[in-house]
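Here's entry_11.txt, which has compact mmCIF, C-alpha atoms:
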```txt
# COMPACT_ATOMS: atom_id res chain seq x y z
CA ASN A 1 5.16 -80.72 -11.20
CA ASP A 2 4.66 -82.35 -14.61
CA LYS A 3 7.49 -84.82 -13.87
CA ARG A 4 5.65 -86.26 -10.80
CA GLU A 5 8.09 -84.50 -8.50
CA VAL A 6 7.16 -82.74 -5.28
CA LEU A 7 8.89 -79.64 -3.91
CA VAL A 8 10.39 -80.55 -0.52
CA VAL A 9 12.51 -78.88 2.13
CA GLN A 10 14.65 -79.78 5.12
CA GLU A 11 14.31 -77.31 7.99
CA LYS A 12 17.15 -75.68 9.94
CA SER A 13 15.17 -75.46 13.18
CA GLY A 14 12.16 -76.92 14.91
CA ARG A 15 10.98 -80.47 15.23
CA PHE A 16 12.46 -81.63 11.91
CA GLN A 17 15.92 -80.07 12.36
CA GLY A 18 18.69 -82.61 11.71
CA THR A 19 16.30 -85.51 11.07
CA GLY A 20 16.98 -85.86 7.34
CA VAL A 21 13.22 -85.68 6.71
CA TRP A 22 12.16 -84.08 3.46
CA LYS A 23 8.78 -82.37 3.92
CA ILE A 24 6.48 -80.07 2.02
CA PRO A 25 6.97 -76.34 2.66
CA THR A 26 4.77 -75.11 5.52
CA GLY A 27 4.13 -71.91 7.41
CA THR A 28 1.58 -69.74 9.13
CA VAL A 29 -1.13 -67.47 7.77
CA ASP A 30 -0.65 -63.78 8.44
CA GLU A 31 -3.52 -61.85 10.01
CA GLY A 32 -6.06 -60.95 7.31
CA GLU A 33 -4.41 -63.27 4.74
CA ASN A 34 -6.43 -65.83 2.79
CA ILE A 35 -5.34 -69.47 2.87
CA PHE A 36 -4.54 -69.59 -0.85
CA MET A 37 -2.36 -66.46 -0.63
CA ALA A 38 -0.53 -67.77 2.45
CA ALA A 39 0.25 -71.04 0.67
CA LYS A 40 1.69 -69.19 -2.32
CA ARG A 41 3.70 -66.83 -0.07
CA GLU A 42 5.15 -69.58 2.13
CA VAL A 43 6.28 -71.71 -0.81
CA GLU A 44 7.95 -68.71 -2.44
CA GLU A 45 9.55 -67.52 0.82
CA GLU A 46 11.07 -70.92 1.60
CA THR A 47 12.05 -72.04 -1.92
CA GLY A 48 11.86 -69.08 -4.30
CA ILE A 49 9.33 -71.03 -6.39
CA GLU A 50 6.36 -69.02 -7.66
CA THR A 51 3.13 -71.01 -7.69
CA GLU A 52 -0.51 -70.96 -8.62
CA PHE A 53 -2.96 -72.20 -5.97
CA LEU A 54 -5.13 -75.03 -7.29
CA GLU A 55 -7.02 -76.41 -4.31
CA ILE A 56 -7.05 -77.49 -0.69
CA LEU A 57 -6.64 -81.25 -0.66
CA ALA A 58 -7.41 -81.70 3.04
CA PHE A 59 -7.02 -80.02 6.41
CA ARG A 60 -6.29 -81.12 9.94
CA GLN A 61 -7.66 -79.48 13.08
CA SER A 62 -5.94 -79.85 16.45
CA HIS A 63 -6.09 -78.02 19.75
CA LYS A 64 -3.56 -76.60 22.21
CA MET A 65 -0.87 -76.42 19.55
CA PHE A 66 1.20 -73.34 18.77
CA PHE A 67 0.77 -70.59 21.37
CA GLU A 68 -1.75 -72.92 23.13
CA LYS A 69 -4.29 -72.19 20.39
CA SER A 70 -6.34 -74.39 18.10
CA ASP A 71 -4.57 -75.06 14.82
CA LEU A 72 -5.77 -75.71 11.28
CA PHE A 73 -3.19 -77.27 8.94
CA PHE A 74 -4.12 -77.07 5.24
CA ILE A 75 -2.62 -79.34 2.59
CA CYS A 76 -2.74 -77.41 -0.68
CA MET A 77 -2.18 -78.42 -4.29
CA MET A 78 -0.08 -75.85 -6.10
CA ARG A 79 1.15 -75.57 -9.69
CA PRO A 80 4.73 -74.33 -10.04
CA LEU A 81 5.18 -71.29 -12.26
CA SER A 82 8.96 -71.32 -11.85
CA PHE A 83 11.39 -74.16 -11.18
CA ASP A 84 14.74 -72.66 -10.10
CA ILE A 85 14.98 -73.18 -6.33
CA GLN A 86 16.36 -70.33 -4.23
CA THR A 87 16.54 -71.64 -0.64
CA GLN A 88 15.67 -69.24 2.18
CA GLU A 89 18.79 -69.47 4.31
CA LEU A 90 17.24 -68.43 7.64
CA GLU A 91 14.76 -71.34 7.97
CA ILE A 92 15.63 -73.89 5.26
CA GLU A 93 18.64 -76.22 5.23
CA ALA A 94 17.94 -77.59 1.73
CA ALA A 95 15.20 -77.72 -0.90
CA GLN A 96 14.75 -79.86 -3.99
CA TRP A 97 12.36 -81.37 -6.49
CA MET A 98 11.97 -85.00 -5.38
CA PRO A 99 10.24 -87.84 -7.25
CA PHE A 100 6.91 -88.38 -5.53
CA GLU A 101 7.60 -92.09 -5.03
CA GLU A 102 10.87 -91.26 -3.21
CA TYR A 103 9.06 -88.73 -0.99
CA ALA A 104 6.34 -91.27 -0.17
CA ALA A 105 8.90 -94.01 0.57
CA GLN A 106 10.60 -92.04 3.37
CA PRO A 107 10.23 -94.00 6.64
CA PHE A 108 8.86 -90.86 8.28
CA ALA A 109 6.08 -90.58 5.67
CA GLN A 110 5.15 -94.23 6.20
CA GLN A 111 5.31 -94.33 10.01
CA HIS A 112 3.38 -91.21 11.00
CA GLU A 113 -0.37 -91.23 10.42
CA LEU A 114 -0.76 -87.60 9.26
CA PHE A 115 2.08 -87.85 6.74
CA LYS A 116 0.81 -91.22 5.49
CA TYR A 117 -2.59 -89.62 4.83
CA ILE A 118 -0.93 -86.68 3.07
CA THR A 119 0.99 -89.10 0.85
CA ASP A 120 -2.14 -91.14 0.05
CA ILE A 121 -4.19 -88.02 -0.73
CA CYS A 122 -1.48 -86.65 -3.04
CA LEU A 123 -1.15 -89.97 -4.84
CA ALA A 124 -4.93 -90.17 -5.33
CA LYS A 125 -4.89 -86.58 -6.65
CA VAL A 126 -2.08 -87.24 -9.12
CA GLN A 127 -3.95 -90.31 -10.40
CA GLY A 128 -7.14 -88.27 -10.87
CA ASP A 129 -9.12 -90.12 -8.21
CA TYR A 130 -9.45 -87.26 -5.72
CA THR A 131 -10.79 -83.74 -5.83
CA GLY A 132 -10.07 -81.16 -3.17
CA LEU A 133 -11.57 -77.77 -2.47
CA SER A 134 -11.12 -74.96 -5.02
CA GLN A 135 -11.15 -71.29 -4.02
CA ILE A 136 -14.10 -69.27 -5.31
CA PRO A 137 -14.32 -65.53 -4.53
CA VAL A 138 -17.75 -64.60 -3.13
CA THR A 139 -19.23 -61.42 -1.69
CA SER A 140 -20.08 -61.61 2.00
CA PHE A 141 -23.74 -61.20 2.97
CA PHE A 142 -22.70 -59.31 6.10
CA ASN A 143 -20.48 -56.54 4.73
CA ASP A 144 -20.34 -56.78 0.91
CA LYS A 145 -16.60 -57.57 1.10
CA LEU A 146 -14.98 -60.24 -1.00
CA SER A 147 -14.28 -63.51 0.81
CA CYS A 148 -13.26 -67.03 -0.21
CA LEU A 149 -15.48 -70.07 -0.43
CA TYR A 150 -13.62 -73.37 -0.78
CA LEU A 151 -15.61 -76.15 -2.44
CA ASN A 152 -15.41 -79.34 -4.47
CA SER A 153 -16.09 -77.76 -7.86
CA ARG A 154 -15.86 -81.02 -9.84
CA ASP A 155 -18.70 -82.69 -7.97
CA LEU A 156 -20.74 -79.46 -7.83
CA ASN A 157 -20.39 -78.98 -11.60
CA ASN A 158 -21.39 -82.63 -12.19
CA TYR A 159 -24.44 -82.13 -9.99
CA LEU A 160 -25.40 -78.88 -11.73
CA ALA A 161 -24.98 -80.46 -15.15
CA SER A 162 -27.14 -83.45 -14.20
CA SER A 163 -29.83 -81.26 -12.60
CA ASP A 164 -30.01 -79.17 -15.79
CA GLN A 165 -30.82 -82.35 -17.72
CA ALA A 166 -33.61 -83.37 -15.35
```

Starting from the file, lay out its structure as structure tokens.
Amino acid sequence: NDKREVLVVQEKSGRFQGTGVWKIPTGTVDEGENIFMAAKREVEEETGIETEFLEILAFRQSHKMFFEKSDLFFICMMRPLSFDIQTQELEIEAAQWMPFEEYAAQPFAQQHELFKYITDICLAKVQGDYTGLSQIPVTSFFNDKLSCLYLNSRDLNNYLASSDQA
């Protein structure tokens, strides 16, 4: 948010249950759901916070994960549209706005490679030194249906502006 705080949760079940780790809200994409809509839905389901999707900062691919399937984990930048946390009691033990520096200083965030990268990417983003992938609606060539193209719009716009001057 504008105070350099990140929305974090502690989970009631799963790998993080009882560890004291504060993590970003996560979840799974429903069949037929776009990534940006899933990110908005999961944040609101777990915390009651309404958000606007800004961009994908990064993603991780792994294999033989949940249900023995390949897994894509997307780290998304969201803008909060509301701030009053309403914790989902089924999955979430606690939720709060945490100063980013406090989140990044957690031993867990420093000791595990994926979470260290997430912290570094978010810090670079907040400082304006990193651009992720924005969602652009495009029509599919194959069936004329709307789909989503995710791209680095800052660098594309810079390229387009410089090629117009050439």

Find the residues near A:Glu50: any atom within 10 Å, counting only C-alpha atoms, skip ones fewer than 6 places away on the same chain, and give them as a list in words.
-> Lys40, Arg41, Glu42, Val43, Glu44, Met78, Arg79, Pro80, Leu81, Ser82, Phe83, Asp84 and Ile85 of chain A

Would you write out those residues with C-alpha atoms, as a tab-separated table (two decimals), in the frame of the given file?
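Output contents, as saved in out.tsv:
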```
chain	number	residue	atom	x	y	z
A	40	LYS	CA	1.69	-69.19	-2.32
A	41	ARG	CA	3.70	-66.83	-0.07
A	42	GLU	CA	5.15	-69.58	2.13
A	43	VAL	CA	6.28	-71.71	-0.81
A	44	GLU	CA	7.95	-68.71	-2.44
A	78	MET	CA	-0.08	-75.85	-6.10
A	79	ARG	CA	1.15	-75.57	-9.69
A	80	PRO	CA	4.73	-74.33	-10.04
A	81	LEU	CA	5.18	-71.29	-12.26
A	82	SER	CA	8.96	-71.32	-11.85
A	83	PHE	CA	11.39	-74.16	-11.18
A	84	ASP	CA	14.74	-72.66	-10.10
A	85	ILE	CA	14.98	-73.18	-6.33
```

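In terms of minimum interatomic distance to A:Thr131, A:Glu55 ranks closest within A:Glu46, A:Glu5, A:Glu102, A:Glu55, counting only C-alpha atoms.
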
Local residues around (3.9, -76.9, 5.1), at most 10 Å away, using all atoms listed in the file, as a ChimeraX atom specification | /A:8-9,23-28,39,42-43,46,73-76

Output file for the selection above: C-alpha atoms, as a PDB file, in the frame of the given file:
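Result file again26.pdb:
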```pdb
ATOM      1  CA  VAL A   8      10.390 -80.550  -0.520  1.00  0.00           C
ATOM      2  CA  VAL A   9      12.510 -78.880   2.130  1.00  0.00           C
ATOM      3  CA  LYS A  23       8.780 -82.370   3.920  1.00  0.00           C
ATOM      4  CA  ILE A  24       6.480 -80.070   2.020  1.00  0.00           C
ATOM      5  CA  PRO A  25       6.970 -76.340   2.660  1.00  0.00           C
ATOM      6  CA  THR A  26       4.770 -75.110   5.520  1.00  0.00           C
ATOM      7  CA  GLY A  27       4.130 -71.910   7.410  1.00  0.00           C
ATOM      8  CA  THR A  28       1.580 -69.740   9.130  1.00  0.00           C
ATOM      9  CA  ALA A  39       0.250 -71.040   0.670  1.00  0.00           C
ATOM     10  CA  GLU A  42       5.150 -69.580   2.130  1.00  0.00           C
ATOM     11  CA  VAL A  43       6.280 -71.710  -0.810  1.00  0.00           C
ATOM     12  CA  GLU A  46      11.070 -70.920   1.600  1.00  0.00           C
ATOM     13  CA  PHE A  73      -3.190 -77.270   8.940  1.00  0.00           C
ATOM     14  CA  PHE A  74      -4.120 -77.070   5.240  1.00  0.00           C
ATOM     15  CA  ILE A  75      -2.620 -79.340   2.590  1.00  0.00           C
ATOM     16  CA  CYS A  76      -2.740 -77.410  -0.680  1.00  0.00           C
TER      17      CYS A  76
END
```

For A:Leu133, list every protein, DNA or RNA residue within 12 Å, evaluated using only C-alpha atoms, and leave out those in the same chain fewer than 6 positions away; present the list as a PDB file with C-alpha atoms, in the coordinates of the input.
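File produced: result.pdb:
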```pdb
ATOM      1  CA  ILE A  35      -5.340 -69.470   2.870  1.00  0.00           C
ATOM      2  CA  PHE A  36      -4.540 -69.590  -0.850  1.00  0.00           C
ATOM      3  CA  PHE A  53      -2.960 -72.200  -5.970  1.00  0.00           C
ATOM      4  CA  LEU A  54      -5.130 -75.030  -7.290  1.00  0.00           C
ATOM      5  CA  GLU A  55      -7.020 -76.410  -4.310  1.00  0.00           C
ATOM      6  CA  ILE A  56      -7.050 -77.490  -0.690  1.00  0.00           C
ATOM      7  CA  LEU A  57      -6.640 -81.250  -0.660  1.00  0.00           C
ATOM      8  CA  ALA A  58      -7.410 -81.700   3.040  1.00  0.00           C
ATOM      9  CA  PHE A  59      -7.020 -80.020   6.410  1.00  0.00           C
ATOM     10  CA  PHE A  74      -4.120 -77.070   5.240  1.00  0.00           C
ATOM     11  CA  ILE A  75      -2.620 -79.340   2.590  1.00  0.00           C
ATOM     12  CA  CYS A  76      -2.740 -77.410  -0.680  1.00  0.00           C
ATOM     13  CA  MET A  77      -2.180 -78.420  -4.290  1.00  0.00           C
ATOM     14  CA  LYS A 125      -4.890 -86.580  -6.650  1.00  0.00           C
ATOM     15  CA  CYS A 148     -13.260 -67.030  -0.210  1.00  0.00           C
ATOM     16  CA  LEU A 149     -15.480 -70.070  -0.430  1.00  0.00           C
ATOM     17  CA  TYR A 150     -13.620 -73.370  -0.780  1.00  0.00           C
ATOM     18  CA  LEU A 151     -15.610 -76.150  -2.440  1.00  0.00           C
ATOM     19  CA  ASN A 152     -15.410 -79.340  -4.470  1.00  0.00           C
ATOM     20  CA  SER A 153     -16.090 -77.760  -7.860  1.00  0.00           C
ATOM     21  CA  ARG A 154     -15.860 -81.020  -9.840  1.00  0.00           C
ATOM     22  CA  ASP A 155     -18.700 -82.690  -7.970  1.00  0.00           C
ATOM     23  CA  LEU A 156     -20.740 -79.460  -7.830  1.00  0.00           C
TER      24      LEU A 156
END
```

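With all atoms listed in the file as the atoms that count, the minimum distance from A:Ile49 to the choices A:Cys122, A:Gln86, A:Thr19, A:Asp144 is reached by A:Gln86.
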
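The spacing separating atom CA of A:Arg15 from atom CA of A:Glu52 amounts to 28.1 Å.
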
The centre and edge lengths of an axis-aligned box containing all atoms of stretch 51-63 of chain A present in the file, extended by 3 Å on each side, are to be given in Å to one decimal, as JSON.
```
{"center_x": -2.3, "center_y": -76.3, "center_z": 5.6, "size_x": 16.8, "size_y": 16.7, "size_z": 34.4}
```

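Atom pair atom CA of A:Lys145 / atom CA of A:Asn157 has a distance of 25.2 Å (rounded to one decimal).
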